[in-house]
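What follows is a single structure, written as C-alpha cells, with notes after it.
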Amino acid sequence: MDHEKAKTLLSDYLDGELDKQVVLDLEEHLSRCSECSSMLASLQQLLGVVRKIPPVRVPENFARKVRRRAYKTGLFGKAGARSTQSMTVPFVGMWATWGMMLVLGLVLIIVFVAQHQMNMFTSQGQFVLTELSPAQLHTLESQARELDFHISPTRIPNRGLIILVPRNRWTQFRRRLKEHGLKELIPAIAPAADKAGIIHLLLLKASDG
Amino acid sequence: MTVYLFETYSLLVGYEISRDETELVDALKRGEPKAFEQLIKSHQDRVYGLCLRMLSSSTEAEDLAQDVFITVFKSIGNFRAESRLSTWIYRITRNHCLNRIKFLKRRAAGKKIPLDAARNLNWSDQQTNDPVVSRVYRPDRLAEGMQMEEIIQEQIACLGEDHRELVILRDLEHLSYEEIQEITGLPKGTIKSRLHRARVELARRMAPYLSDE
C-alpha cells in the first residue's frame, strides 16, 4: 500500500471502518513503515485517553433555570402552567407579586392614617399642626415666647400662628412640650430644618364648627 | 452510565423506545409543560456537554444550553421524526454553538483580541483572553497537579471548530458516523478525513503530555 494512502487510513483502522482486504494491506504496510506505526501508536494512545473522559454533568438547578426562562419568554399558557409541578416557580412569583402589592397597600394606608391622625403635612423644614385646642395653642405660644422664638400671626386672623424654631434649640423646645403635656405633638415634627436651620411650625386652631 | 444503558436498551427494544419518543414529541407539540420537563431531564447532560466542550466556558455553555431547549420547544413542530429526537436536538445544539462561536469571535475582534494568534499559541504561552479558545499550559504544569482530562479538553478547545466538533461528537460523545452525518450535514468521507486530521493535530498537541503516559 502507498505510504500517503496508509497515513489517511489510520483513523478508520482504529475505528474498525475498513474492509478486511484494506486492513490486511494496511497492516502489511505498518509492518515495514516506522513512520506510520509511530503515528498509529500516538493515535491509539490519544484515543485511549480521550475516550476515558467521563460525560459532562449539567450544573445544579439547570432544569429549573430553563423552566423559569421558558415561562418568562411566555412559552406556556396559563392553563398549561397550572397542570404541572413545574408551576411552583411562576406560582411563587405570582404570589410574591400579589404579596408585595398587598404589603405596599397596607404601608400606604398606615402612612395615610398616621398622617391624618397627627394632622401633619410636611415639606422642607415646614410643619403644620392642625386642629389644636385653644389650650394647646396657648401653651405652644407661651413656651415659644419664653424661649424667645420668633412668632408671627397667620394670614387669616385668629386662625393660629407661626413659630420659627432654630434647629439648635429644637431639643430644648421639645423638652418643654413634654413637660407641658404636649408630648403627642412631638412625633409629628421631625427635627428637620430648612436651609437656614429654622423649623417652621404653622399652628392652626381647631375649627369652631 | 444511564445513557449507555438507555442506548443499549434502545438497540434491543427499539420499537418501545421510539414509541415513547413519539409520545414525548406529540406531548411537546401539544405544548405540555410536563413533556418539556421530561425533555430537559433526558437531554440536559448531552446538550450542556456539547456546548461546554465547543465553547470551553461554563457560563456561555449554560446560557446556550438553555437557549437550545427553548428553541427545541418552539420548533418541535418542524421535527418530522426522520431522525432520532436526540440527533435532531444535537443538530440544533451544534448550530447554536457555531453561531455563538461566530458571535464571540466578532466580539473578540471588536475588542482587538487576535483570535487566530491566540489559537496558534505555542507551548510556552500561558493564557489567552480569548472567549472561545481556552488556556494553553506548558508541559511542566503537569507537575503542578493539572489533570490529564483538563489538558485534553484545553487542547481540544484549541482545534478549529470544524475539527473540534468532530472530535467531540465522535470521541467524546461516542456518536456513530451516521449520526454525525445527520447532525453536521457533511458527507461521510469528509467527516472521516477531517476527523483523521483533527486527531493527528490533537495527538501532536498532546505529545508532550502523553510521552510519559
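So you can find residues: chains in the C-alpha cells are A, B, ... in the order shown, residues in each start at 1, and ligands are numbered from 1 in order.
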Each residue of chain B lying at most 6 Å from chain A should get a row with its shortest atom-to-atom pair and the distance in Å to one decimal, counting only C-alpha atoms; could you produce that, ordered by chain and increasing number, as JSON lines?
```
{"residue": "B:Asp45", "atom": "CA", "partner": "A:Val58", "partner_atom": "CA", "distance": 5.0}
{"residue": "B:Gly49", "atom": "CA", "partner": "A:Val56", "partner_atom": "CA", "distance": 5.0}
{"residue": "B:Gln66", "atom": "CA", "partner": "A:Val66", "partner_atom": "CA", "distance": 5.4}
{"residue": "B:Asp171", "atom": "CA", "partner": "A:Arg51", "partner_atom": "CA", "distance": 5.8}
{"residue": "B:Leu172", "atom": "CA", "partner": "A:Arg51", "partner_atom": "CA", "distance": 5.9}
{"residue": "B:His196", "atom": "CA", "partner": "A:Ser11", "partner_atom": "CA", "distance": 5.4}
{"residue": "B:Ala203", "atom": "CA", "partner": "A:Leu46", "partner_atom": "CA", "distance": 6.0}
```
Could the residues in this selection be written to a file with C-alpha atoms, as an mmCIF file, in the first residue's frame?
```
data_model
loop_
_atom_site.group_PDB
_atom_site.id
_atom_site.type_symbol
_atom_site.label_atom_id
_atom_site.label_comp_id
_atom_site.auth_asym_id
_atom_site.auth_seq_id
_atom_site.Cartn_x
_atom_site.Cartn_y
_atom_site.Cartn_z
ATOM 1 C CA ASP B 45 -26.309 16.452 30.152
ATOM 2 C CA GLY B 49 -21.802 18.778 27.462
ATOM 3 C CA GLN B 66 -30.926 26.965 27.913
ATOM 4 C CA ASP B 171 -14.566 10.513 20.508
ATOM 5 C CA LEU B 172 -16.227 12.184 23.479
ATOM 6 C CA HIS B 196 -8.397 11.977 10.956
ATOM 7 C CA ALA B 203 -2.055 13.919 19.020
#
```
>> I'd like the neighbourhood of B:Gln155 as a ChimeraX atom specification, where a residue qualifies if any of its atoms comes within 8 Å (using only C-alpha atoms), though same-chain residues fewer than 3 positions away should be ignored.
In response: /B:136,151-152,158-159,202,205-206
Store the residues picked out above, limited to C-alpha atoms, as a PDB file, in the first residue's frame.
```
ATOM      1  CA  VAL B 136      -2.828  26.661  26.975  1.00  0.00           C
ATOM      2  CA  ILE B 151      -5.348  19.266  29.469  1.00  0.00           C
ATOM      3  CA  ILE B 152      -7.108  17.274  26.774  1.00  0.00           C
ATOM      4  CA  CYS B 158      -7.531  24.879  20.601  1.00  0.00           C
ATOM      5  CA  LEU B 159      -8.624  22.963  17.493  1.00  0.00           C
ATOM      6  CA  LEU B 202      -4.619  16.704  18.674  1.00  0.00           C
ATOM      7  CA  ARG B 205      -0.569  18.867  20.641  1.00  0.00           C
ATOM      8  CA  MET B 206      -0.840  16.174  23.284  1.00  0.00           C
TER       9      MET B 206
END
```
>> Which residue is closest to A:Pro166? Choose from A:Asp148, A:Asp19, A:Glu184, A:Glu60 and count only C-alpha atoms.
In response: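 The shortest atom-to-atom distance to A:Pro166 comes from A:Asp148.
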>> So, with only C-alpha atoms as the atoms that count, which of A:Leu18, A:Leu164, A:Leu129, A:Leu201 lies closest to A:Leu185?
In response: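 Under the stated criterion, the closest residue is A:Leu129.
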>> Which residues are near stretch 57-65 of chain B? Cut-off 12 Å, only C-alpha atoms, ignore same chain within fewer than 4 positions. Put them as a ChimeraX atom specification.
In response: /A:56-63,65-66,69 /B:40,43-53,69-72,89-90,92-101,103-104,129-135,153-154,157
Now that the selection is made, can you save its residues with N, CA and C atoms as a compact mmCIF listing (two decimals), in the first residue's frame?
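What follows is the written file part37.txt:
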```txt
# COMPACT_ATOMS: atom_id res chain seq x y z
N VAL A 56 -19.99 14.96 30.66
CA VAL A 56 -20.15 16.20 31.44
C VAL A 56 -21.47 16.14 32.21
N ARG A 57 -21.44 16.61 33.44
CA ARG A 57 -22.69 16.70 34.21
C ARG A 57 -23.19 18.15 34.18
N VAL A 58 -24.47 18.26 33.98
CA VAL A 58 -25.07 19.59 33.89
C VAL A 58 -25.03 20.26 35.28
N PRO A 59 -24.89 21.59 35.34
CA PRO A 59 -24.86 22.26 36.65
C PRO A 59 -26.18 22.08 37.40
N GLU A 60 -26.09 22.21 38.71
CA GLU A 60 -27.28 22.08 39.55
C GLU A 60 -28.31 23.14 39.16
N ASN A 61 -29.57 22.79 39.30
CA ASN A 61 -30.67 23.73 39.04
C ASN A 61 -30.81 24.13 37.57
N PHE A 62 -30.12 23.42 36.70
CA PHE A 62 -30.19 23.79 35.28
C PHE A 62 -31.64 23.70 34.77
N ALA A 63 -32.28 22.57 35.09
CA ALA A 63 -33.65 22.36 34.60
C ALA A 63 -34.57 23.47 35.11
N LYS A 65 -33.74 26.50 35.88
CA LYS A 65 -33.44 27.76 35.18
C LYS A 65 -34.09 27.76 33.79
N VAL A 66 -34.04 26.61 33.12
CA VAL A 66 -34.65 26.54 31.78
C VAL A 66 -36.15 26.76 31.89
N ARG A 69 -36.94 30.31 32.45
CA ARG A 69 -36.75 31.08 31.21
C ARG A 69 -37.91 30.83 30.25
N ILE B 40 -36.01 18.03 29.02
CA ILE B 40 -34.82 18.62 29.65
C ILE B 40 -34.07 17.54 30.42
N HIS B 43 -32.16 15.04 28.18
CA HIS B 43 -31.13 15.51 27.24
C HIS B 43 -30.20 16.57 27.79
N GLN B 44 -30.43 17.01 29.02
CA GLN B 44 -29.66 18.16 29.52
C GLN B 44 -28.15 17.91 29.58
N ASP B 45 -27.75 16.71 30.02
CA ASP B 45 -26.31 16.45 30.15
C ASP B 45 -25.61 16.52 28.80
N ARG B 46 -26.22 15.94 27.81
CA ARG B 46 -25.57 15.87 26.50
C ARG B 46 -25.57 17.24 25.80
N VAL B 47 -26.67 17.95 25.94
CA VAL B 47 -26.73 19.29 25.33
C VAL B 47 -25.72 20.21 25.99
N TYR B 48 -25.73 20.21 27.31
CA TYR B 48 -24.79 21.06 28.04
C TYR B 48 -23.35 20.64 27.76
N GLY B 49 -23.14 19.31 27.72
CA GLY B 49 -21.80 18.78 27.46
C GLY B 49 -21.24 19.25 26.13
N LEU B 50 -22.08 19.17 25.10
CA LEU B 50 -21.63 19.60 23.77
C LEU B 50 -21.33 21.10 23.77
N CYS B 51 -22.21 21.87 24.42
CA CYS B 51 -22.00 23.32 24.49
C CYS B 51 -20.69 23.62 25.22
N LEU B 52 -20.50 22.95 26.34
CA LEU B 52 -19.31 23.23 27.16
C LEU B 52 -18.04 22.89 26.39
N ARG B 53 -18.07 21.75 25.72
CA ARG B 53 -16.85 21.33 25.01
C ARG B 53 -16.60 22.18 23.77
N PHE B 69 -32.85 24.47 24.52
CA PHE B 69 -34.11 23.86 24.93
C PHE B 69 -35.31 24.73 24.56
N ILE B 70 -35.13 26.03 24.68
CA ILE B 70 -36.23 26.92 24.30
C ILE B 70 -36.49 26.78 22.79
N THR B 71 -35.40 26.74 22.02
CA THR B 71 -35.54 26.60 20.56
C THR B 71 -36.19 25.26 20.21
N VAL B 72 -35.74 24.20 20.89
CA VAL B 72 -36.32 22.88 20.62
C VAL B 72 -37.82 22.91 20.85
N ILE B 89 -31.89 17.19 18.24
CA ILE B 89 -31.50 18.15 19.30
C ILE B 89 -30.01 18.46 19.20
N TYR B 90 -29.22 17.43 18.91
CA TYR B 90 -27.78 17.64 18.72
C TYR B 90 -27.52 18.63 17.58
N ILE B 92 -29.47 20.98 16.48
CA ILE B 92 -29.80 22.34 16.94
C ILE B 92 -28.69 22.87 17.85
N THR B 93 -28.22 21.99 18.74
CA THR B 93 -27.15 22.40 19.68
C THR B 93 -25.90 22.79 18.90
N ARG B 94 -25.55 21.97 17.95
CA ARG B 94 -24.33 22.23 17.15
C ARG B 94 -24.45 23.58 16.42
N ASN B 95 -25.63 23.83 15.82
CA ASN B 95 -25.82 25.10 15.10
C ASN B 95 -25.75 26.29 16.05
N HIS B 96 -26.37 26.13 17.23
CA HIS B 96 -26.30 27.19 18.23
C HIS B 96 -24.85 27.47 18.62
N CYS B 97 -24.09 26.38 18.81
CA CYS B 97 -22.69 26.53 19.22
C CYS B 97 -21.90 27.29 18.16
N LEU B 98 -22.08 26.89 16.89
CA LEU B 98 -21.32 27.55 15.82
C LEU B 98 -21.68 29.03 15.72
N ASN B 99 -22.99 29.31 15.89
CA ASN B 99 -23.41 30.72 15.84
C ASN B 99 -22.81 31.51 16.99
N ARG B 100 -22.81 30.88 18.18
CA ARG B 100 -22.27 31.59 19.35
C ARG B 100 -20.77 31.82 19.18
N ILE B 101 -20.08 30.81 18.63
CA ILE B 101 -18.64 30.96 18.41
C ILE B 101 -18.38 32.13 17.45
N PHE B 103 -20.29 34.68 16.98
CA PHE B 103 -20.59 35.91 17.71
C PHE B 103 -19.43 36.30 18.64
N LEU B 104 -18.92 35.29 19.35
CA LEU B 104 -17.82 35.56 20.29
C LEU B 104 -16.56 36.01 19.55
N ASN B 129 -6.93 35.58 26.49
CA ASN B 129 -8.19 36.14 26.97
C ASN B 129 -9.32 35.76 26.03
N ASP B 130 -9.02 34.87 25.14
CA ASP B 130 -9.98 34.53 24.12
C ASP B 130 -11.20 33.84 24.72
N PRO B 131 -12.40 34.25 24.28
CA PRO B 131 -13.58 33.65 24.87
C PRO B 131 -13.84 32.23 24.39
N VAL B 132 -13.27 31.86 23.26
CA VAL B 132 -13.55 30.52 22.72
C VAL B 132 -12.39 29.60 23.03
N VAL B 133 -11.21 30.05 22.70
CA VAL B 133 -10.05 29.20 22.93
C VAL B 133 -9.62 29.39 24.38
N SER B 134 -9.53 28.31 25.09
CA SER B 134 -9.21 28.47 26.50
C SER B 134 -7.70 28.40 26.70
N ARG B 135 -7.30 28.23 27.98
CA ARG B 135 -5.90 28.36 28.33
C ARG B 135 -5.02 27.28 27.71
N GLN B 153 -9.06 18.58 27.31
CA GLN B 153 -10.17 19.48 26.97
C GLN B 153 -9.62 20.82 26.49
N GLU B 154 -8.56 21.26 27.10
CA GLU B 154 -7.98 22.54 26.68
C GLU B 154 -7.38 22.44 25.29
N ALA B 157 -10.06 22.40 22.76
CA ALA B 157 -10.57 23.76 22.56
C ALA B 157 -9.69 24.57 21.62
```
